[in-house]
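Dumped start-v4.tsv below, it's TSV, C-alpha atoms:
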```
chain	number	residue	atom	x	y	z
A	1	MET	CA	20.77	-82.44	68.75
A	2	LEU	CA	22.96	-79.40	68.26
A	3	ARG	CA	24.34	-79.47	64.71
A	4	LYS	CA	25.09	-75.96	63.46
A	5	ILE	CA	26.35	-72.97	65.40
A	6	ALA	CA	26.37	-69.43	63.99
A	7	ILE	CA	29.56	-67.57	64.89
A	8	ILE	CA	29.23	-63.79	64.52
A	9	PRO	CA	32.01	-61.50	65.78
A	10	ASN	CA	32.14	-57.71	65.78
A	11	SER	CA	33.77	-56.86	62.45
A	12	LEU	CA	35.36	-53.69	63.83
A	13	LYS	CA	37.45	-55.38	66.53
A	14	ASN	CA	40.34	-57.66	65.55
A	15	GLU	CA	40.31	-59.35	68.94
A	16	THR	CA	36.80	-60.71	68.29
A	17	ILE	CA	38.10	-62.55	65.20
A	18	VAL	CA	40.84	-64.10	67.34
A	19	HIS	CA	38.27	-65.24	69.90
A	20	ALA	CA	35.93	-66.52	67.16
A	21	ASN	CA	38.68	-68.81	65.87
A	22	ARG	CA	39.48	-69.93	69.43
A	23	ILE	CA	35.80	-70.79	69.97
A	24	ILE	CA	35.62	-72.76	66.73
A	25	GLU	CA	38.84	-74.62	67.56
A	26	TYR	CA	37.37	-75.63	70.92
A	27	LEU	CA	34.00	-76.63	69.48
A	28	LEU	CA	35.64	-78.83	66.82
A	29	ASN	CA	36.00	-81.37	69.62
A	30	PHE	CA	32.24	-81.87	69.35
A	31	ASP	CA	30.01	-83.05	66.54
A	32	CYS	CA	28.98	-79.72	65.03
A	33	SER	CA	29.57	-77.36	62.12
A	34	PHE	CA	29.43	-73.59	61.77
A	35	THR	CA	27.71	-70.82	59.85
A	36	VAL	CA	29.52	-67.51	59.44
A	37	PRO	CA	28.79	-64.28	57.49
A	38	GLU	CA	30.78	-64.34	54.26
A	39	LYS	CA	32.56	-61.07	55.06
A	40	PHE	CA	34.63	-63.14	57.53
A	41	SER	CA	35.53	-65.81	54.96
A	42	ASP	CA	39.18	-64.71	54.84
A	43	ALA	CA	39.54	-64.44	58.62
A	44	ILE	CA	37.58	-67.51	59.75
A	45	VAL	CA	38.62	-70.50	57.64
A	46	ASN	CA	37.65	-74.07	58.43
A	47	SER	CA	36.38	-77.07	56.50
A	48	LYS	CA	33.30	-77.29	58.73
A	49	THR	CA	32.29	-73.67	58.14
A	50	GLU	CA	29.60	-72.55	55.70
A	51	TYR	CA	29.37	-68.89	54.70
A	52	PHE	CA	26.20	-66.87	54.18
A	53	HIS	CA	25.51	-63.48	52.62
A	54	ASN	CA	24.37	-61.67	55.77
A	55	HIS	CA	23.62	-62.03	59.48
A	56	LEU	CA	20.02	-63.08	58.93
A	57	GLU	CA	20.92	-65.96	56.60
A	58	THR	CA	23.76	-66.99	58.91
A	59	ILE	CA	21.37	-67.19	61.86
A	60	LYS	CA	18.50	-68.77	59.93
A	61	ASN	CA	20.68	-71.73	58.96
A	62	ALA	CA	21.97	-72.43	62.49
A	63	ASP	CA	20.60	-74.04	65.64
A	64	LEU	CA	22.02	-71.41	67.97
A	65	VAL	CA	24.07	-68.23	67.78
A	66	ILE	CA	27.32	-67.15	69.43
A	67	ALA	CA	27.85	-63.38	69.23
A	68	ILE	CA	31.30	-62.07	70.12
A	69	GLY	CA	31.74	-58.42	71.05
A	70	GLY	CA	30.42	-55.75	73.37
A	71	ASP	CA	26.82	-55.15	74.42
A	72	GLY	CA	26.06	-53.27	71.18
A	73	THR	CA	27.09	-56.22	69.01
A	74	ILE	CA	25.27	-58.78	71.13
A	75	ILE	CA	22.07	-56.71	71.26
A	76	HIS	CA	22.14	-56.21	67.48
A	77	ILE	CA	22.60	-59.94	66.81
A	78	ALA	CA	20.06	-60.94	69.50
A	79	LYS	CA	17.28	-59.08	67.70
A	80	HIS	CA	18.08	-60.97	64.49
A	81	ALA	CA	18.12	-64.25	66.43
A	82	ALA	CA	14.72	-63.40	67.94
A	83	VAL	CA	13.18	-63.26	64.45
A	84	PHE	CA	14.03	-66.96	63.98
A	85	SER	CA	13.54	-67.99	67.63
A	86	LYS	CA	17.19	-69.01	67.88
A	87	PRO	CA	18.92	-68.92	71.29
A	88	ILE	CA	22.00	-66.72	71.58
A	89	LEU	CA	25.15	-66.80	73.69
A	90	GLY	CA	27.04	-63.55	74.14
A	91	VAL	CA	30.82	-63.63	74.59
A	92	ASN	CA	32.07	-60.40	76.10
A	93	CYS	CA	34.78	-58.45	74.29
A	94	GLY	CA	33.54	-55.04	75.39
A	95	ARG	CA	33.95	-52.74	78.34
A	96	VAL	CA	30.93	-53.77	80.41
A	97	GLY	CA	29.10	-56.77	78.98
A	98	PHE	CA	25.77	-56.74	80.81
A	99	VAL	CA	24.11	-58.99	78.21
A	100	ALA	CA	27.09	-61.32	77.72
A	101	ASN	CA	27.19	-64.56	79.70
A	102	LEU	CA	30.70	-65.71	78.88
A	103	GLU	CA	34.14	-64.15	79.15
A	104	PRO	CA	36.91	-65.16	76.70
A	105	THR	CA	38.66	-66.89	79.62
A	106	GLU	CA	35.69	-69.22	80.19
A	107	LEU	CA	35.55	-71.11	76.86
A	108	SER	CA	35.65	-74.50	78.58
A	109	LEU	CA	32.04	-73.85	79.65
A	110	LEU	CA	31.01	-74.22	76.00
A	111	SER	CA	30.93	-77.99	76.54
A	112	LYS	CA	27.63	-77.42	78.39
A	113	LEU	CA	25.99	-76.67	75.05
A	114	PHE	CA	26.24	-80.37	74.18
A	115	ASP	CA	25.11	-81.98	77.41
A	116	LYS	CA	22.27	-79.43	77.76
A	117	SER	CA	23.39	-78.36	81.23
A	118	TYR	CA	22.50	-74.77	80.54
A	119	THR	CA	19.44	-72.58	80.93
A	120	VAL	CA	17.77	-70.12	78.56
A	121	ASP	CA	16.73	-66.71	79.81
A	122	ASP	CA	14.04	-65.17	77.62
A	123	ARG	CA	14.26	-61.37	77.51
A	124	MET	CA	11.38	-59.09	76.61
A	125	LEU	CA	11.64	-56.97	73.46
A	126	LEU	CA	9.81	-53.74	72.75
A	127	GLU	CA	7.94	-53.16	69.51
A	128	VAL	CA	8.50	-49.54	68.50
A	129	ILE	CA	6.10	-48.04	65.97
A	130	VAL	CA	7.25	-44.70	64.61
A	131	ILE	CA	4.50	-42.81	62.73
A	132	HIS	CA	6.46	-40.26	60.70
A	133	ASN	CA	5.11	-38.15	57.80
A	134	GLU	CA	2.05	-40.42	57.72
A	135	LYS	CA	4.29	-43.44	57.18
A	136	THR	CA	4.74	-46.22	59.71
A	137	GLU	CA	8.05	-47.88	60.54
A	138	VAL	CA	8.41	-50.75	63.00
A	139	PHE	CA	11.55	-51.47	65.02
A	140	TYR	CA	12.46	-53.75	67.91
A	141	ALA	CA	14.37	-52.75	71.03
A	142	LEU	CA	16.09	-55.04	73.49
A	143	ASN	CA	17.37	-52.18	75.66
A	144	ASP	CA	15.44	-48.99	75.05
A	145	VAL	CA	13.88	-46.37	72.83
A	146	THR	CA	14.77	-42.74	73.52
A	147	VAL	CA	12.74	-39.71	72.47
A	148	SER	CA	14.99	-36.71	73.00
A	149	LYS	CA	16.14	-33.26	71.94
A	150	GLY	CA	18.55	-32.47	69.14
A	151	SER	CA	21.91	-30.75	69.47
A	152	VAL	CA	20.44	-27.44	70.71
A	153	SER	CA	20.59	-27.15	74.51
A	154	ARG	CA	16.88	-26.62	75.05
A	155	MET	CA	14.38	-28.95	76.61
A	156	VAL	CA	11.56	-30.57	74.69
A	157	GLU	CA	7.93	-30.93	75.74
A	158	LEU	CA	6.49	-34.39	75.29
A	159	ASP	CA	3.01	-35.75	75.93
A	160	VAL	CA	2.51	-39.29	77.16
A	161	LYS	CA	-0.55	-41.43	76.55
A	162	LEU	CA	-1.25	-44.80	78.15
A	163	ASN	CA	-3.55	-47.04	76.11
A	164	GLU	CA	-4.62	-43.92	74.13
A	165	GLU	CA	-5.52	-41.98	77.28
A	166	PHE	CA	-3.50	-38.84	78.05
A	167	ILE	CA	-1.67	-39.12	81.39
A	168	THR	CA	0.95	-36.36	81.58
A	169	SER	CA	3.42	-34.03	79.85
A	170	TYR	CA	7.15	-33.72	80.48
A	171	ARG	CA	9.55	-30.84	80.01
A	172	ALA	CA	12.91	-32.59	79.86
A	173	ASP	CA	15.89	-33.45	77.69
A	174	GLY	CA	13.88	-36.50	76.68
A	175	LEU	CA	12.24	-39.74	77.75
A	176	ILE	CA	13.60	-43.28	77.85
A	177	LEU	CA	11.28	-46.27	77.48
A	178	SER	CA	13.17	-49.41	78.36
A	179	THR	CA	12.83	-53.11	78.94
A	180	PRO	CA	14.04	-54.69	82.19
A	181	THR	CA	17.21	-55.63	80.29
A	182	GLY	CA	17.66	-51.96	79.36
A	183	SER	CA	17.19	-50.79	82.94
A	184	THR	CA	20.97	-51.18	83.46
A	185	ALA	CA	21.78	-49.12	80.34
A	186	TYR	CA	20.85	-45.48	79.58
A	187	ALA	CA	17.94	-45.54	82.04
A	188	LEU	CA	20.30	-46.34	84.92
A	189	SER	CA	22.50	-43.37	84.00
A	190	ALA	CA	19.36	-41.20	84.00
A	191	GLY	CA	18.52	-42.23	87.56
A	192	GLY	CA	16.13	-45.09	86.84
A	193	PRO	CA	15.82	-48.26	88.96
A	194	VAL	CA	17.45	-51.62	88.30
A	195	ILE	CA	14.93	-54.26	87.25
A	196	GLU	CA	15.59	-57.99	87.11
A	197	PRO	CA	15.81	-58.92	83.43
A	198	HIS	CA	13.29	-61.78	83.58
A	199	MET	CA	10.49	-59.41	84.66
A	200	LYS	CA	7.91	-58.19	82.13
A	201	CYS	CA	7.26	-54.47	82.26
A	202	ILE	CA	7.99	-51.17	80.50
A	203	LEU	CA	10.06	-48.56	82.32
A	204	LEU	CA	9.67	-44.85	81.55
A	205	THR	CA	12.51	-42.62	82.77
A	206	PRO	CA	12.72	-38.85	82.11
A	207	ILE	CA	16.11	-37.40	81.15
A	208	CYS	CA	16.98	-34.31	83.21
A	209	PRO	CA	13.31	-33.33	83.80
A	210	HIS	CA	12.36	-29.76	84.70
A	211	SER	CA	10.62	-30.96	87.85
A	212	LEU	CA	11.73	-32.28	91.21
A	213	PHE	CA	8.82	-34.71	91.20
A	214	ALA	CA	9.34	-36.35	87.79
A	215	ARG	CA	10.50	-39.88	88.52
A	216	SER	CA	10.65	-43.19	86.69
A	217	VAL	CA	7.32	-44.93	86.12
A	218	LEU	CA	6.70	-48.65	85.59
A	219	PHE	CA	3.95	-49.85	83.26
A	220	SER	CA	2.69	-53.39	82.90
A	221	ASP	CA	3.77	-55.41	79.89
A	222	GLU	CA	0.20	-55.18	78.57
A	223	SER	CA	0.49	-51.39	78.26
A	224	GLU	CA	0.78	-49.38	75.09
A	225	VAL	CA	2.67	-46.13	75.64
A	226	LYS	CA	2.51	-43.32	73.09
A	227	ILE	CA	4.92	-40.38	73.04
A	228	LEU	CA	4.18	-37.32	70.93
A	229	PRO	CA	5.46	-33.75	70.77
A	230	ASN	CA	3.43	-31.27	72.77
A	231	GLU	CA	1.70	-28.67	70.59
A	232	ARG	CA	3.88	-25.96	72.19
A	233	CYS	CA	7.13	-27.75	71.36
A	234	ASN	CA	9.15	-26.21	68.51
A	235	GLU	CA	12.45	-28.01	69.16
A	236	GLU	CA	14.04	-30.80	67.13
A	237	ILE	CA	13.08	-34.24	68.43
A	238	PHE	CA	14.76	-37.54	67.62
A	239	VAL	CA	13.81	-41.15	68.27
A	240	THR	CA	16.68	-43.58	68.84
A	241	ILE	CA	16.23	-47.35	69.13
A	242	ASP	CA	18.92	-49.24	71.07
A	243	GLY	CA	21.39	-46.47	70.28
A	244	MET	CA	21.43	-47.55	66.62
A	245	ASN	CA	18.47	-46.37	64.54
A	246	THR	CA	17.72	-42.64	64.75
A	247	ILE	CA	14.73	-40.84	63.21
A	248	LYS	CA	13.83	-37.16	63.38
A	249	ILE	CA	10.14	-36.67	64.12
A	250	GLU	CA	7.91	-33.70	63.43
A	251	SER	CA	5.08	-32.07	65.38
A	252	GLN	CA	2.40	-34.39	63.97
A	253	ASP	CA	4.39	-37.59	64.45
A	254	SER	CA	4.19	-40.07	67.30
A	255	VAL	CA	6.01	-43.06	68.79
A	256	VAL	CA	4.10	-46.08	70.09
A	257	VAL	CA	5.89	-48.55	72.36
A	258	ARG	CA	4.54	-51.91	73.51
A	259	LYS	CA	5.76	-55.41	74.31
A	260	SER	CA	6.77	-57.42	71.26
A	261	ASN	CA	5.64	-60.97	70.62
A	262	LEU	CA	9.32	-61.76	69.98
A	263	THR	CA	11.75	-62.58	72.77
A	264	ALA	CA	15.54	-62.67	72.85
A	265	ASP	CA	16.54	-66.07	74.27
A	266	PHE	CA	19.91	-65.78	76.02
A	267	ILE	CA	21.85	-68.91	76.87
A	268	LYS	CA	23.29	-69.04	80.40
A	269	LEU	CA	26.25	-71.37	80.87
A	270	ASN	CA	26.98	-70.23	84.39
A	271	ASN	CA	24.65	-69.65	87.33
A	272	LYS	CA	25.85	-66.24	88.41
A	273	ASN	CA	23.20	-64.29	90.27
A	274	PHE	CA	21.99	-61.20	88.37
A	275	TYR	CA	22.82	-58.87	91.27
A	276	ARG	CA	26.29	-60.38	91.60
A	277	ILE	CA	26.91	-59.69	87.91
A	278	LEU	CA	25.51	-56.18	88.31
A	279	ASN	CA	27.81	-55.46	91.23
A	280	GLU	CA	30.85	-56.83	89.35
A	281	LYS	CA	30.12	-54.78	86.24
A	282	LEU	CA	29.47	-51.57	88.15
A	283	ASN	CA	32.70	-52.07	90.10
A	284	GLU	CA	34.53	-52.46	86.78
A	285	ARG	CA	33.06	-49.13	85.67
A	286	ARG	CA	34.23	-47.44	88.87
A	287	ASN	CA	37.75	-48.78	88.41
```

Go through the file and emit its structure as structure tokens.
Amino acid sequence: MLRKIAIIPNSLKNETIVHANRIIEYLLNFDCSFTVPEKFSDAIVNSKTEYFHNHLETIKNADLVIAIGGDGTIIHIAKHAAVFSKPILGVNCGRVGFVANLEPTELSLLSKLFDKSYTVDDRMLLEVIVIHNEKTEVFYALNDVTVSKGSVSRMVELDVKLNEEFITSYRADGLILSTPTGSTAYALSAGGPVIEPHMKCILLTPICPHSLFARSVLFSDESEVKILPNERCNEEIFVTIDGMNTIKIESQDSVVVRKSNLTADFIKLNNKNFYRILNEKLNERRN
């Protein structure tokens, strides 16, 4: 039975605090309590709310997570939720909201959490291993990892290996390796295809390639893709994970991308078709 719900709004948007309190007020009609990061203790006050030091502790002590904000907030919280195998519901307070399933006007649908008339959509994560200065750092990406040039307007040369076998080199502004979820993010802007989010694959999309024949490539979810600077490349190169973590890499460094064992489990309270949502969101962008 659902007992504790983590409520995590975007701390930089006042409207998300308002919606967080509205959500709690609605959910008080049901037999549950709440966990909230302690930095919101002055803004979210309720006798059924317990405060924790950080997002990880807040999520660890809950049965499911409600993240309130734009795609960036929901993606950030979803990766924390994946660590503890906790399902997450995204409430959209951003401009697009591809990964959100609920709008602030649809709070009555929250009752479905208690009669279990909802589904859970598990989304693939990428494990990103950055080997930098002989040290290894591991990150997780729900959308994408980008290997790209610095601020100088010159292309970079990048080699690509598949399962340790060299396959090709690119001269481009960079390369995007994305999940199906991330196919509607940066990769879409770079001319990549739309992929249904429940599929399991890795999408490689070049950014402004210096070739008419360089197109997006799909790899199976069992693939391990390695990106490394070509020996002729003298430009600055940066690795960015989900638009958040950025690392400068040197000529001897490399980036390994493969499917993670973790999944982000998104709660779906409505049965909107993915392509209907896609069309609605793209129309919002146009307008």

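Using all atoms listed in the file, the protein and nucleic acid residues lying no more than 8 Å from A:Thr146, apart from those fewer than 2 places from it along its own chain, are Asp144, Ser148, Gly174, Leu175, Ile176, Leu177, Phe238, Val239, Thr240 and Ile241 of chain A.
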
Scan for residues within 6 Å of the point (21.0, -66.5, 74.3) in the coordinates of the file, using all atoms listed in the file, and reply as a ChimeraX atom specification.
-> /A:87-89,265-267

Within 9 Å of stretch 35-44 of chain A, which residues of stretch 51-114 of chain A come that close, and what is the closest atom pair and distance in Å for each? Count all atoms listed in the file and give it as a Markdown table.
```
| residue | atom | partner | partner_atom | distance |
| --- | --- | --- | --- | --- |
| A:Tyr51 | CA | A:Glu38 | CA | 4.8 |
| A:Phe52 | CA | A:Pro37 | CA | 4.9 |
| A:His53 | CA | A:Glu38 | CA | 5.6 |
| A:Asn54 | CA | A:Pro37 | CA | 5.4 |
| A:His55 | CA | A:Pro37 | CA | 6.0 |
| A:Leu56 | CA | A:Pro37 | CA | 9.0 |
| A:Glu57 | CA | A:Pro37 | CA | 8.1 |
| A:Thr58 | CA | A:Thr35 | CA | 5.6 |
| A:Ile59 | CA | A:Thr35 | CA | 7.6 |
| A:Asn61 | CA | A:Thr35 | CA | 7.1 |
| A:Ala62 | CA | A:Thr35 | CA | 6.5 |
```

Writer output for current selection, C-alpha atoms, as a PDB file, in the coordinates of the input:
```pdb
ATOM      1  CA  TYR A  51      29.370 -68.890  54.700  1.00  0.00           C
ATOM      2  CA  PHE A  52      26.200 -66.870  54.180  1.00  0.00           C
ATOM      3  CA  HIS A  53      25.510 -63.480  52.620  1.00  0.00           C
ATOM      4  CA  ASN A  54      24.370 -61.670  55.770  1.00  0.00           C
ATOM      5  CA  HIS A  55      23.620 -62.030  59.480  1.00  0.00           C
ATOM      6  CA  LEU A  56      20.020 -63.080  58.930  1.00  0.00           C
ATOM      7  CA  GLU A  57      20.920 -65.960  56.600  1.00  0.00           C
ATOM      8  CA  THR A  58      23.760 -66.990  58.910  1.00  0.00           C
ATOM      9  CA  ILE A  59      21.370 -67.190  61.860  1.00  0.00           C
ATOM     10  CA  ASN A  61      20.680 -71.730  58.960  1.00  0.00           C
ATOM     11  CA  ALA A  62      21.970 -72.430  62.490  1.00  0.00           C
TER      12      ALA A  62
END
```

Best match for closeness to A:Ile8 among A:Ile24, A:Ile277, A:Val65, A:Ile207, counting all atoms listed in the file |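 Checking each of A:Ile24, A:Ile277, A:Val65, A:Ile207 against A:Ile8, counting all atoms listed in the file, the winner is A:Val65.
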
Please provide as a ChimeraX atom specification all residues within 6 Å of stretch 245-259 of chain A, with the sequence filter that same-chain residues fewer than 6 positions apart are discarded (counting only C-alpha atoms).
-> /A:126-132,221,224-229,237-239

What does the distance between atom CA of A:Pro206 and atom CA of A:Ala187 come to in Å, to one decimal place?
-> 8.5 Å

Can you put N, CA and C atoms back into stretch 10-28 of chain A and show it as a PDB file, in the frame of the given file?
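Wrote out_9.pdb, looks like this:
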```pdb
ATOM      1  N   ASN A  10      32.171 -59.126  66.149  1.00  0.00           N
ATOM      2  CA  ASN A  10      32.140 -57.710  65.780  1.00  0.00           C
ATOM      3  C   ASN A  10      33.228 -57.479  64.727  1.00  0.00           C
ATOM      4  N   SER A  11      32.823 -57.012  63.550  1.00  0.00           N
ATOM      5  CA  SER A  11      33.770 -56.860  62.450  1.00  0.00           C
ATOM      6  C   SER A  11      34.749 -55.722  62.647  1.00  0.00           C
ATOM      7  N   LEU A  12      34.502 -54.855  63.632  1.00  0.00           N
ATOM      8  CA  LEU A  12      35.360 -53.690  63.830  1.00  0.00           C
ATOM      9  C   LEU A  12      36.460 -53.932  64.871  1.00  0.00           C
ATOM     10  N   LYS A  13      36.443 -55.095  65.499  1.00  0.00           N
ATOM     11  CA  LYS A  13      37.450 -55.380  66.530  1.00  0.00           C
ATOM     12  C   LYS A  13      38.216 -56.650  66.151  1.00  0.00           C
ATOM     13  N   ASN A  14      39.514 -56.506  65.934  1.00  0.00           N
ATOM     14  CA  ASN A  14      40.340 -57.660  65.550  1.00  0.00           C
ATOM     15  C   ASN A  14      40.336 -58.743  66.609  1.00  0.00           C
ATOM     16  N   GLU A  15      40.253 -58.354  67.869  1.00  0.00           N
ATOM     17  CA  GLU A  15      40.310 -59.350  68.940  1.00  0.00           C
ATOM     18  C   GLU A  15      39.113 -60.298  68.876  1.00  0.00           C
ATOM     19  N   THR A  16      37.969 -59.826  68.368  1.00  0.00           N
ATOM     20  CA  THR A  16      36.800 -60.710  68.290  1.00  0.00           C
ATOM     21  C   THR A  16      37.015 -61.812  67.254  1.00  0.00           C
ATOM     22  N   ILE A  17      37.771 -61.520  66.200  1.00  0.00           N
ATOM     23  CA  ILE A  17      38.100 -62.550  65.200  1.00  0.00           C
ATOM     24  C   ILE A  17      38.991 -63.615  65.842  1.00  0.00           C
ATOM     25  N   VAL A  18      39.954 -63.164  66.635  1.00  0.00           N
ATOM     26  CA  VAL A  18      40.840 -64.100  67.340  1.00  0.00           C
ATOM     27  C   VAL A  18      40.015 -65.011  68.242  1.00  0.00           C
ATOM     28  N   HIS A  19      39.088 -64.433  68.989  1.00  0.00           N
ATOM     29  CA  HIS A  19      38.270 -65.240  69.900  1.00  0.00           C
ATOM     30  C   HIS A  19      37.302 -66.147  69.131  1.00  0.00           C
ATOM     31  N   ALA A  20      36.805 -65.682  67.986  1.00  0.00           N
ATOM     32  CA  ALA A  20      35.930 -66.520  67.160  1.00  0.00           C
ATOM     33  C   ALA A  20      36.658 -67.786  66.719  1.00  0.00           C
ATOM     34  N   ASN A  21      37.901 -67.640  66.285  1.00  0.00           N
ATOM     35  CA  ASN A  21      38.680 -68.810  65.870  1.00  0.00           C
ATOM     36  C   ASN A  21      39.012 -69.713  67.051  1.00  0.00           C
ATOM     37  N   ARG A  22      39.239 -69.127  68.220  1.00  0.00           N
ATOM     38  CA  ARG A  22      39.480 -69.930  69.430  1.00  0.00           C
ATOM     39  C   ARG A  22      38.231 -70.737  69.789  1.00  0.00           C
ATOM     40  N   ILE A  23      37.066 -70.107  69.661  1.00  0.00           N
ATOM     41  CA  ILE A  23      35.800 -70.790  69.970  1.00  0.00           C
ATOM     42  C   ILE A  23      35.571 -71.944  69.005  1.00  0.00           C
ATOM     43  N   ILE A  24      35.802 -71.701  67.722  1.00  0.00           N
ATOM     44  CA  ILE A  24      35.620 -72.760  66.730  1.00  0.00           C
ATOM     45  C   ILE A  24      36.588 -73.913  66.982  1.00  0.00           C
ATOM     46  N   GLU A  25      37.833 -73.574  67.280  1.00  0.00           N
ATOM     47  CA  GLU A  25      38.840 -74.620  67.560  1.00  0.00           C
ATOM     48  C   GLU A  25      38.406 -75.484  68.737  1.00  0.00           C
ATOM     49  N   TYR A  26      37.844 -74.856  69.766  1.00  0.00           N
ATOM     50  CA  TYR A  26      37.370 -75.630  70.920  1.00  0.00           C
ATOM     51  C   TYR A  26      36.166 -76.491  70.547  1.00  0.00           C
ATOM     52  N   LEU A  27      35.238 -75.914  69.802  1.00  0.00           N
ATOM     53  CA  LEU A  27      34.000 -76.630  69.480  1.00  0.00           C
ATOM     54  C   LEU A  27      34.208 -77.743  68.454  1.00  0.00           C
ATOM     55  N   LEU A  28      35.342 -77.745  67.761  1.00  0.00           N
ATOM     56  CA  LEU A  28      35.640 -78.830  66.820  1.00  0.00           C
ATOM     57  C   LEU A  28      35.792 -80.168  67.535  1.00  0.00           C
TER      58      LEU A  28
END
```
